[in-house]
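Reading through the structure tokens given below for one structure.
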Amino acid sequence: GCDQAIGELLQSCRTYLLSVGEREIGANLIIKAAASDLVQETFIEGHKSIASFRGRTRLEFQMWLRGIFLHKLADVRRKFRTEARDLTKER
């Protein structure tokens with residue numbers, strides 16, 4: 001329901017998602033994408049699609065958000081094709 005409650009629930013997952021980002025974002029990609037930006041995009045997507053969440057626990061909600069986060073990260077990886085270019089050489 002309530003936007004404020006959803007916002008508080010999302011915020012309660014911020015530290016967890018940032019730690020996922022720190023582990024998953026490689027050195028080559030960190031130049032183009034910050035974990036905090038991806039977490040914010042995840043929160044926007046999570047808020048928009050909260051009706052599709054089918055879990056019942058906080059852990060299930062965290063894992064649902066983690067999935068959204070990892071999809072966002074995959075999109076960034078595709079966009080910058082980190083495997084094909086050495087982003088550390090870009091300005």
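Residue names in the structure tokens use chain letters A, B, ... in the order shown, residue numbers from 1 in each chain, and ligand numbers from 1 in the order shown.
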Determine, counting only C-alpha atoms, which protein, DNA and RNA residues have an atom within 10 Å of an atom of A:Leu10; residues of the same chain fewer than 4 positions away are not included. Present the result as a ChimeraX atom specification. /A:4-6,14,39-40,42-44,46-47,61-62,65
Store the residues picked out above, limited to C-alpha atoms, as a CSV table (one decimal), in the first residue's frame.
```csv
chain,number,residue,atom,x,y,z
A,4,GLN,CA,5.8,6.0,2.7
A,5,ALA,CA,5.8,2.3,4.0
A,6,ILE,CA,7.1,1.1,0.6
A,14,ARG,CA,19.9,0.0,0.9
A,39,VAL,CA,20.5,1.0,-6.1
A,40,GLN,CA,18.5,4.2,-6.7
A,42,THR,CA,16.5,-0.4,-8.4
A,43,PHE,CA,14.4,1.4,-5.9
A,44,ILE,CA,12.6,3.3,-8.7
A,46,GLY,CA,10.9,-1.8,-7.3
A,47,HIS,CA,8.5,1.0,-6.4
A,61,PHE,CA,11.7,-8.8,-0.6
A,62,GLN,CA,15.5,-8.3,-0.5
A,65,LEU,CA,15.2,-6.3,-5.1
```
Pairwise distance, atom CA of A:Phe69 with atom CA of A:Gly7, equals 16.3 Å
Can you list every residue in chain A that DSSP puts in alpha helix (DSSP H), as a ChimeraX atom specification? /A:3-11,14-24,35-48,58-80
Tell me, as a ChimeraX atom specification, which residues lie within 12 Å of A:Glu45, counting only C-alpha atoms; anything in the same chain fewer than 6 positions away does not count. /A:10,38-39,51-53,64-69,71-72
With N, CA, C and O atoms kept, could you save the residues just selected as a tab-separated table (two decimals), in the first residue's frame?
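result-v3.tsv written:
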```
chain	number	residue	atom	x	y	z
A	10	LEU	N	12.03	-0.12	1.16
A	10	LEU	CA	13.13	-0.03	0.19
A	10	LEU	C	14.40	0.47	0.87
A	10	LEU	O	15.47	-0.11	0.70
A	38	LEU	N	22.94	2.54	-9.15
A	38	LEU	CA	22.17	1.34	-9.49
A	38	LEU	C	21.16	1.01	-8.40
A	38	LEU	O	20.05	0.54	-8.70
A	39	VAL	N	21.50	1.25	-7.15
A	39	VAL	CA	20.55	1.03	-6.05
A	39	VAL	C	19.36	1.97	-6.22
A	39	VAL	O	18.20	1.56	-6.09
A	51	ALA	N	3.63	-4.28	-7.13
A	51	ALA	CA	2.46	-5.16	-7.24
A	51	ALA	C	2.84	-6.56	-7.72
A	51	ALA	O	2.12	-7.53	-7.47
A	52	SER	N	3.98	-6.68	-8.39
A	52	SER	CA	4.40	-7.99	-8.89
A	52	SER	C	5.16	-8.81	-7.85
A	52	SER	O	5.44	-9.99	-8.08
A	53	PHE	N	5.49	-8.21	-6.70
A	53	PHE	CA	6.19	-8.94	-5.63
A	53	PHE	C	5.23	-9.94	-5.01
A	53	PHE	O	4.13	-9.60	-4.59
A	64	TRP	N	14.15	-10.25	-4.11
A	64	TRP	CA	13.43	-9.70	-5.26
A	64	TRP	C	14.14	-8.43	-5.74
A	64	TRP	O	14.39	-8.26	-6.93
A	65	LEU	N	14.49	-7.55	-4.79
A	65	LEU	CA	15.22	-6.33	-5.15
A	65	LEU	C	16.59	-6.66	-5.71
A	65	LEU	O	17.06	-6.00	-6.65
A	66	ARG	N	17.25	-7.67	-5.14
A	66	ARG	CA	18.56	-8.08	-5.64
A	66	ARG	C	18.46	-8.48	-7.11
A	66	ARG	O	19.33	-8.15	-7.92
A	67	GLY	N	17.40	-9.19	-7.46
A	67	GLY	CA	17.18	-9.58	-8.85
A	67	GLY	C	17.04	-8.36	-9.75
A	67	GLY	O	17.62	-8.31	-10.85
A	68	ILE	N	16.29	-7.37	-9.31
A	68	ILE	CA	16.13	-6.14	-10.08
A	68	ILE	C	17.50	-5.46	-10.23
A	68	ILE	O	17.88	-5.02	-11.32
A	69	PHE	N	18.25	-5.39	-9.13
A	69	PHE	CA	19.57	-4.77	-9.14
A	69	PHE	C	20.48	-5.46	-10.14
A	69	PHE	O	21.15	-4.80	-10.94
A	71	HIS	N	19.68	-7.22	-12.73
A	71	HIS	CA	19.23	-6.93	-14.10
A	71	HIS	C	19.71	-5.54	-14.54
A	71	HIS	O	20.13	-5.36	-15.68
A	72	LYS	N	19.62	-4.57	-13.64
A	72	LYS	CA	20.12	-3.23	-13.95
A	72	LYS	C	21.62	-3.27	-14.25
A	72	LYS	O	22.10	-2.64	-15.19
```
Select, from A:Val20, A:Ile50, A:Arg78, A:Cys2, the residue with the minimum atom-to-atom distance to A:Ser36, counting only C-alpha atoms.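 Of all the options, A:Val20 lies closest to A:Ser36.
We find atom CA of A:Lys79 and atom CA of A:Ile30 to be spaced 13.4 Å apart.
Distance-wise, atom CA of A:Ile25 and atom CA of A:Glu8 end up 25.4 Å apart.
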Looking at A:Ser49, A:Leu70, A:Glu60, A:Gly55, which one is nearest to A:Leu17, with distances taken over only C-alpha atoms?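 Among the listed residues, A:Leu70 lies closest to A:Leu17.
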Rank A:Thr57, A:Phe80, A:Leu73, A:Ser12 by their smallest atom-to-atom distance to A:Asp37, using only C-alpha atoms, and report the top residue only.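 Ranked by minimum distance to A:Asp37, first place goes to A:Leu73.
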